[in-house]
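Everything on this sheet refers to the single structure shown next.
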Amino acid sequence: MTDEFVRMGHLIAESLGLPGLPFVMLPHPLSGLSEAAVRAKAQQAAETALRVLTSPRESLEHEFTNTLYPMPTGVCPKVLEGPLGL
Amino acid sequence: MIDSKIADEELELADSLDSINDTFYRNGWTDGLPIVPPVRERVDGMVSASGLPADHLGAEIPPKMGRATVEKIAINGVMAGCLPAYMPVLVAAITALADDRYDLKGRQTTTHAGAPLLIVNGPIVKRIGMNYGAGCFGPGWRPNATIGRAIRLILMNIGGAIPGEIDSATHGHPGKYTYCIAENEDANPWEPLHVERGFPRATSTVTVVNAEGPHSINDSRSKTALGILVTCASTMSTLGANNLYYQGQPILVLGPEHAAKLARDGLSKYDVKAFLYEKARQPARLVRGRGMEVGKEFPRWLDLADDQEMVPIAHRPDDIIVIVAGGGGAKSMCVPTAGRQSLSVTKPIQ
């Protein structure tokens, strides 16, 4: 998944009882790219993809359960403290 | 950022509306508007109005697969400001949304600006005082305002559609706060939606459709039915709307004046649909290479390589949803929908 949506994927996997489901992250976006650009992005992820496909499940579960996935860049923070008051 | 978690036990909070709302907002349990505290008496009143046991399972709501029991539906209904009399609509709507044809899992997580539009038919519309007339998509009527709001709270709080994190809509739209209308059956010259779908006129139903925001169709000048329909067809076939790429069930909400003119010229509801199916199209040369990839539901009989091919917004005339709602004025509304991967579902209101 791309880094913009991987947190969603992880949260859904977690809620379905698969917190250690491995995700291979690609830099967002993928749409509208030339074939060469798509191949370049795939190349960046190839090493992780190969490792995920060939590593023992237990070590992957431990690694990916503890992976911190980035908040999508488009999400605005909510102001909870400060001078706004109730 | 708020770490949204769902309460599964009763909370003891200070008897202060401000602090209760602060707690709910901090926990990510609201749509951003203040809520009505779901205290035990109010929740019990809602449960009782459903005629069902509190632990009766209405549906499991993806992607979190939270259990939408009657009690949890009631809690969100109270928070939204619903009256107990609205409860049967909520239960039926949740059952409809969980129907596989609606593809709720996809709708909860998509980047598309879709929200469940609820269309209510039958005697319950007048019994609970819904707006099917002037300004039906707008503010002012409690059932329209709060039933749609309760559905959004259920999708977030039980289904886990946390805005921005799970609900990945690029923009969303205001219908994600509430999106609930009734059909103006008195002004409909043809059979209303629920009768068209096989229900008796005296049965109340709710239809759910995953829909973008409504778009005005302004035509005060056309003297003929076909003139009005040319305007409708043009508005409904804009590049960028999902229905050109995934077809599905786009909606035409005819204002009563437009509907009366169409009927006066002898058109049946099917004639309206057939016209839109034939004329609300764009040439293949404009459609191809746009949108996302052609969806798996894209009509196989279309040749996108043929510049002369005209691409329709639905697979067949009857897929186009035509209803009548609204008040005075020579206007209608078109509502693009998600596409054929998410179909509308109608359920009876018990």
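The chains in the structure tokens are called A, B, ... from first to last as shown; in each chain the residues are counted from 1, and the ligands are counted from 1 in the order shown.
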Taking only residues of chain B that have an atom at most 7 Å from an atom of chain A, what is each one's shortest atom pair and its distance in Å to one decimal, using only C-alpha atoms, in chain and number order, as a Markdown table?
```
| residue | atom | partner | partner_atom | distance |
| --- | --- | --- | --- | --- |
| B:Met1 | CA | A:Pro77 | CA | 5.6 |
| B:Asp18 | CA | A:Leu86 | CA | 6.7 |
| B:Pro63 | CA | A:Ile12 | CA | 6.1 |
| B:Lys64 | CA | A:Ser15 | CA | 5.3 |
| B:Gly164 | CA | A:Val75 | CA | 5.6 |
| B:Glu165 | CA | A:Met8 | CA | 5.5 |
| B:Ile166 | CA | A:Met8 | CA | 4.9 |
```
Can you pull out the residues contacting Val209 in chain B? Cut-off 8 Å, using only C-alpha atoms, and skip same-chain residues under 2 positions away; I want them as a PDB file with C-alpha atoms, in the first residue's frame.
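Output below, filename around-v4.pdb:
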```pdb
ATOM      1  CA  TYR B 102     -24.338  -2.259  -0.812  1.00  0.00           C
ATOM      2  CA  ALA B 115     -22.398   8.807   1.745  1.00  0.00           C
ATOM      3  CA  PRO B 116     -25.452   6.665   2.326  1.00  0.00           C
ATOM      4  CA  LEU B 117     -28.468   8.572   1.042  1.00  0.00           C
ATOM      5  CA  LEU B 118     -31.623   7.343   2.778  1.00  0.00           C
ATOM      6  CA  THR B 207     -33.777   2.689   0.501  1.00  0.00           C
ATOM      7  CA  ALA B 211     -24.342   8.843  -3.260  1.00  0.00           C
ATOM      8  CA  THR B 337     -23.601   7.375  -7.126  1.00  0.00           C
ATOM      9  CA  SER B 342     -22.358  -0.623  -4.632  1.00  0.00           C
ATOM     10  CA  LEU B 343     -26.044  -1.118  -5.317  1.00  0.00           C
ATOM     11  CA  SER B 344     -29.057   0.434  -3.626  1.00  0.00           C
ATOM     12  CA  VAL B 345     -30.965  -1.710  -1.144  1.00  0.00           C
TER      13      VAL B 345
END
```
Exercise. Could you give me, as a ChimeraX atom specification, the residues within 12 Å of range 217-221 of chain B, counting only C-alpha atoms and dropping anything in the same chain fewer than 5 positions from it?
Key: /B:226-236,252-255,257-258,261,328-335
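The residue set within 6 Å of Cys136 in chain B, counting only C-alpha atoms and dropping same-chain residues fewer than 4 places from it, reads Asn131, Tyr132, Ile181 and Gly326 of chain B.
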Pick out the residues sitting within 12 Å of Lys176 in chain B, and hand them over as a PDB file with N, CA and C atoms, in the first residue's frame; count only C-alpha atoms, and ignore anything fewer than 5 positions along from it in its own chain.
```
ATOM      1  N   ASP B  31     -19.475  13.516  15.436  1.00  0.00           N
ATOM      2  CA  ASP B  31     -19.217  14.031  14.092  1.00  0.00           C
ATOM      3  C   ASP B  31     -18.695  15.465  14.159  1.00  0.00           C
ATOM      4  N   GLY B  32     -18.394  15.935  15.348  1.00  0.00           N
ATOM      5  CA  GLY B  32     -17.909  17.310  15.534  1.00  0.00           C
ATOM      6  C   GLY B  32     -18.967  18.232  16.100  1.00  0.00           C
ATOM      7  N   ARG B 107     -17.397   1.008   0.918  1.00  0.00           N
ATOM      8  CA  ARG B 107     -17.883   2.389   1.063  1.00  0.00           C
ATOM      9  C   ARG B 107     -17.297   3.050   2.304  1.00  0.00           C
ATOM     10  N   GLN B 108     -16.977   2.263   3.329  1.00  0.00           N
ATOM     11  CA  GLN B 108     -16.460   2.822   4.587  1.00  0.00           C
ATOM     12  C   GLN B 108     -15.021   3.303   4.449  1.00  0.00           C
ATOM     13  N   ALA B 113     -16.226  10.362  -2.714  1.00  0.00           N
ATOM     14  CA  ALA B 113     -17.096  11.205  -1.879  1.00  0.00           C
ATOM     15  C   ALA B 113     -18.512  10.644  -1.869  1.00  0.00           C
ATOM     16  N   GLY B 114     -18.680   9.494  -1.269  1.00  0.00           N
ATOM     17  CA  GLY B 114     -20.006   8.891  -1.192  1.00  0.00           C
ATOM     18  C   GLY B 114     -20.478   8.814   0.245  1.00  0.00           C
ATOM     19  N   ALA B 115     -21.774   8.972   0.426  1.00  0.00           N
ATOM     20  CA  ALA B 115     -22.398   8.807   1.745  1.00  0.00           C
ATOM     21  C   ALA B 115     -23.708   8.075   1.523  1.00  0.00           C
ATOM     22  N   PRO B 116     -24.166   7.331   2.523  1.00  0.00           N
ATOM     23  CA  PRO B 116     -25.452   6.665   2.326  1.00  0.00           C
ATOM     24  C   PRO B 116     -26.594   7.664   2.301  1.00  0.00           C
ATOM     25  N   LEU B 117     -27.244   7.775   1.134  1.00  0.00           N
ATOM     26  CA  LEU B 117     -28.468   8.572   1.042  1.00  0.00           C
ATOM     27  C   LEU B 117     -29.633   7.664   1.415  1.00  0.00           C
ATOM     28  N   LEU B 118     -30.430   8.097   2.379  1.00  0.00           N
ATOM     29  CA  LEU B 118     -31.623   7.343   2.778  1.00  0.00           C
ATOM     30  C   LEU B 118     -32.836   7.965   2.113  1.00  0.00           C
ATOM     31  N   ALA B 145     -32.861  15.435   9.739  1.00  0.00           N
ATOM     32  CA  ALA B 145     -31.590  15.887  10.306  1.00  0.00           C
ATOM     33  C   ALA B 145     -30.949  14.828  11.191  1.00  0.00           C
ATOM     34  N   THR B 146     -31.772  14.123  11.970  1.00  0.00           N
ATOM     35  CA  THR B 146     -31.186  13.253  12.997  1.00  0.00           C
ATOM     36  C   THR B 146     -31.067  11.792  12.577  1.00  0.00           C
ATOM     37  N   ILE B 147     -31.948  11.318  11.701  1.00  0.00           N
ATOM     38  CA  ILE B 147     -31.831   9.908  11.262  1.00  0.00           C
ATOM     39  C   ILE B 147     -30.532   9.741  10.469  1.00  0.00           C
ATOM     40  N   GLY B 148     -30.298  10.655   9.534  1.00  0.00           N
ATOM     41  CA  GLY B 148     -29.050  10.572   8.762  1.00  0.00           C
ATOM     42  C   GLY B 148     -27.827  10.754   9.641  1.00  0.00           C
ATOM     43  N   ARG B 149     -27.949  11.626  10.640  1.00  0.00           N
ATOM     44  CA  ARG B 149     -26.818  11.838  11.546  1.00  0.00           C
ATOM     45  C   ARG B 149     -26.534  10.569  12.357  1.00  0.00           C
ATOM     46  N   ALA B 150     -27.597   9.923  12.807  1.00  0.00           N
ATOM     47  CA  ALA B 150     -27.413   8.692  13.592  1.00  0.00           C
ATOM     48  C   ALA B 150     -26.716   7.618  12.757  1.00  0.00           C
ATOM     49  N   ILE B 151     -27.085   7.532  11.489  1.00  0.00           N
ATOM     50  CA  ILE B 151     -26.440   6.534  10.611  1.00  0.00           C
ATOM     51  C   ILE B 151     -24.939   6.807  10.535  1.00  0.00           C
ATOM     52  N   ARG B 152     -24.562   8.090  10.396  1.00  0.00           N
ATOM     53  CA  ARG B 152     -23.123   8.417  10.331  1.00  0.00           C
ATOM     54  C   ARG B 152     -22.426   8.046  11.635  1.00  0.00           C
ATOM     55  N   LEU B 153     -23.053   8.358  12.774  1.00  0.00           N
ATOM     56  CA  LEU B 153     -22.432   8.023  14.065  1.00  0.00           C
ATOM     57  C   LEU B 153     -22.272   6.513  14.215  1.00  0.00           C
ATOM     58  N   ILE B 154     -23.256   5.749  13.741  1.00  0.00           N
ATOM     59  CA  ILE B 154     -23.170   4.273  13.808  1.00  0.00           C
ATOM     60  C   ILE B 154     -22.012   3.784  12.933  1.00  0.00           C
ATOM     61  N   LEU B 155     -21.907   4.337  11.739  1.00  0.00           N
ATOM     62  CA  LEU B 155     -20.828   3.900  10.830  1.00  0.00           C
ATOM     63  C   LEU B 155     -19.459   4.220  11.423  1.00  0.00           C
ATOM     64  N   MET B 156     -19.367   5.349  12.140  1.00  0.00           N
ATOM     65  CA  MET B 156     -18.096   5.712  12.766  1.00  0.00           C
ATOM     66  C   MET B 156     -17.862   4.922  14.050  1.00  0.00           C
ATOM     67  N   ALA B 161     -15.360   3.705  11.130  1.00  0.00           N
ATOM     68  CA  ALA B 161     -14.994   4.584  10.013  1.00  0.00           C
ATOM     69  C   ALA B 161     -14.485   5.928  10.545  1.00  0.00           C
ATOM     70  N   PRO B 163     -12.903   9.261  10.526  1.00  0.00           N
ATOM     71  CA  PRO B 163     -12.614  10.147   9.389  1.00  0.00           C
ATOM     72  C   PRO B 163     -11.111  10.408   9.252  1.00  0.00           C
ATOM     73  N   ASP B 167     -12.014   5.968   7.241  1.00  0.00           N
ATOM     74  CA  ASP B 167     -12.781   6.625   6.174  1.00  0.00           C
ATOM     75  C   ASP B 167     -11.791   7.518   5.431  1.00  0.00           C
ATOM     76  N   ALA B 169     -11.960   9.160   2.602  1.00  0.00           N
ATOM     77  CA  ALA B 169     -12.497  10.070   1.585  1.00  0.00           C
ATOM     78  C   ALA B 169     -11.555  11.255   1.370  1.00  0.00           C
ATOM     79  N   HIS B 171     -12.320  14.111   0.061  1.00  0.00           N
ATOM     80  CA  HIS B 171     -13.048  15.299   0.511  1.00  0.00           C
ATOM     81  C   HIS B 171     -14.257  14.965   1.386  1.00  0.00           C
ATOM     82  N   ASN B 210     -25.482   4.647  -2.011  1.00  0.00           N
ATOM     83  CA  ASN B 210     -24.251   5.393  -1.746  1.00  0.00           C
ATOM     84  C   ASN B 210     -24.117   6.495  -2.778  1.00  0.00           C
ATOM     85  N   ALA B 211     -24.159   7.738  -2.325  1.00  0.00           N
ATOM     86  CA  ALA B 211     -24.342   8.843  -3.260  1.00  0.00           C
ATOM     87  C   ALA B 211     -23.418  10.016  -2.971  1.00  0.00           C
ATOM     88  N   GLU B 212     -23.031  10.683  -4.070  1.00  0.00           N
ATOM     89  CA  GLU B 212     -22.334  11.961  -3.949  1.00  0.00           C
ATOM     90  C   GLU B 212     -23.347  13.032  -3.543  1.00  0.00           C
ATOM     91  N   GLY B 213     -22.885  14.254  -3.450  1.00  0.00           N
ATOM     92  CA  GLY B 213     -23.790  15.342  -3.135  1.00  0.00           C
ATOM     93  C   GLY B 213     -24.767  15.595  -4.271  1.00  0.00           C
TER      94      GLY B 213
END
```
Practice problem: Between CA of Asp22 in chain B and CA of Val89 in chain B, measure the distance and give it in Å to one decimal. | Solution: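 According to the coordinates, CA of Asp22 in chain B and CA of Val89 in chain B are separated by 28.9 Å.
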Practice problem: Could you give me, as a PyMOL selection string, the residues within 8 Å of range 48-62 of chain A, counting only C-alpha atoms and dropping anything in the same chain fewer than 6 positions from it? | Solution: chain A and resi 19-22+24
Quiz item: In Å, how far is it from CA of Ser237 in chain B to CA of Leu33 in chain A?
Solution: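 Computing the Euclidean distance for CA of Ser237 in chain B and CA of Leu33 in chain A yields 26.6 Å.
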Practice problem: Quick one: everything within 9 Å of range 272-283 of chain B, counting only C-alpha atoms, minus sequence neighbours fewer than 4 positions away in the same chain. Send it as a VMD selection string. | Solution: chain B and resid 226 229 to 230 232 to 239 244 262 267 to 268 287 to 288 304 306 to 322
Please produce a file of those selected residues containing N, CA and C atoms, as a short mmCIF file (atom, residue, chain, number, x, y, z; two decimals), in the first residue's frame.
```cif
data_model
loop_
_atom_site.label_atom_id
_atom_site.label_comp_id
_atom_site.auth_asym_id
_atom_site.auth_seq_id
_atom_site.Cartn_x
_atom_site.Cartn_y
_atom_site.Cartn_z
N LEU B 226 -39.30 16.41 -23.37
CA LEU B 226 -37.99 16.05 -23.91
C LEU B 226 -36.98 17.17 -23.68
N LEU B 229 -35.75 16.75 -20.24
CA LEU B 229 -34.90 15.56 -20.10
C LEU B 229 -33.53 15.75 -20.74
N VAL B 230 -33.46 16.57 -21.79
CA VAL B 230 -32.14 16.88 -22.38
C VAL B 230 -31.27 17.57 -21.33
N CYS B 232 -31.60 17.32 -18.04
CA CYS B 232 -31.26 16.31 -17.02
C CYS B 232 -30.13 15.41 -17.50
N ALA B 233 -30.23 14.96 -18.75
CA ALA B 233 -29.24 14.01 -19.28
C ALA B 233 -27.85 14.65 -19.31
N SER B 234 -27.82 15.94 -19.67
CA SER B 234 -26.52 16.61 -19.73
C SER B 234 -25.90 16.71 -18.33
N THR B 235 -26.71 17.08 -17.34
CA THR B 235 -26.19 17.22 -15.97
C THR B 235 -25.72 15.87 -15.43
N MET B 236 -26.40 14.81 -15.83
CA MET B 236 -26.11 13.49 -15.25
C MET B 236 -24.93 12.78 -15.89
N SER B 237 -24.40 13.33 -16.99
CA SER B 237 -23.33 12.60 -17.69
C SER B 237 -22.03 13.40 -17.70
N THR B 238 -21.70 14.02 -16.59
CA THR B 238 -20.47 14.80 -16.53
C THR B 238 -19.25 13.89 -16.37
N LEU B 239 -18.18 14.26 -17.07
CA LEU B 239 -16.92 13.54 -16.88
C LEU B 239 -16.46 13.74 -15.44
N LEU B 244 -19.94 7.24 -15.15
CA LEU B 244 -19.45 7.01 -16.52
C LEU B 244 -18.40 5.91 -16.56
N LEU B 262 -43.48 16.16 -17.31
CA LEU B 262 -43.12 14.92 -17.99
C LEU B 262 -44.36 14.03 -18.14
N LEU B 267 -45.25 10.79 -20.68
CA LEU B 267 -44.12 9.90 -20.40
C LEU B 267 -44.38 9.07 -19.14
N SER B 268 -44.04 7.80 -19.22
CA SER B 268 -44.05 6.95 -18.03
C SER B 268 -42.71 7.11 -17.32
N VAL B 287 -14.11 9.35 -22.45
CA VAL B 287 -14.19 8.54 -21.23
C VAL B 287 -12.91 7.73 -21.02
N ARG B 288 -12.37 7.20 -22.13
CA ARG B 288 -11.22 6.30 -21.95
C ARG B 288 -10.00 7.08 -21.45
N LEU B 304 -14.63 0.64 -26.14
CA LEU B 304 -14.02 1.92 -25.77
C LEU B 304 -13.01 2.41 -26.80
N ASP B 306 -13.60 2.51 -29.91
CA ASP B 306 -14.37 3.10 -31.01
C ASP B 306 -14.76 4.54 -30.64
N ASP B 307 -14.21 5.51 -31.37
CA ASP B 307 -14.47 6.91 -31.06
C ASP B 307 -15.96 7.25 -31.13
N GLN B 308 -16.72 6.50 -31.92
CA GLN B 308 -18.14 6.81 -32.09
C GLN B 308 -19.00 6.21 -30.97
N GLU B 309 -18.40 5.31 -30.19
CA GLU B 309 -19.17 4.66 -29.12
C GLU B 309 -19.60 5.68 -28.08
N MET B 310 -20.84 5.60 -27.62
CA MET B 310 -21.32 6.50 -26.57
C MET B 310 -21.50 5.70 -25.29
N VAL B 311 -20.89 6.19 -24.22
CA VAL B 311 -20.85 5.44 -22.95
C VAL B 311 -21.99 5.91 -22.05
N PRO B 312 -22.84 4.97 -21.62
CA PRO B 312 -23.98 5.34 -20.75
C PRO B 312 -23.59 5.39 -19.27
N ILE B 313 -24.48 5.93 -18.45
CA ILE B 313 -24.23 6.04 -17.01
C ILE B 313 -24.83 4.87 -16.23
N ALA B 314 -25.44 3.93 -16.96
CA ALA B 314 -26.02 2.75 -16.30
C ALA B 314 -26.00 1.60 -17.30
N HIS B 315 -26.10 0.38 -16.79
CA HIS B 315 -26.12 -0.79 -17.69
C HIS B 315 -27.43 -0.89 -18.45
N ARG B 316 -28.50 -0.47 -17.81
CA ARG B 316 -29.82 -0.59 -18.43
C ARG B 316 -30.72 0.48 -17.84
N PRO B 317 -31.81 0.83 -18.55
CA PRO B 317 -32.67 1.92 -18.08
C PRO B 317 -33.12 1.75 -16.63
N ASP B 318 -33.52 0.53 -16.25
CA ASP B 318 -34.09 0.36 -14.92
C ASP B 318 -33.08 0.52 -13.79
N ASP B 319 -31.80 0.55 -14.10
CA ASP B 319 -30.82 0.82 -13.05
C ASP B 319 -30.87 2.28 -12.59
N ILE B 320 -31.37 3.16 -13.41
CA ILE B 320 -31.43 4.58 -13.05
C ILE B 320 -32.60 4.79 -12.08
N ILE B 321 -32.30 5.39 -10.95
CA ILE B 321 -33.33 5.60 -9.92
C ILE B 321 -34.00 6.95 -10.17
N VAL B 322 -35.32 6.93 -10.33
CA VAL B 322 -36.08 8.17 -10.54
C VAL B 322 -37.10 8.30 -9.41
#
```
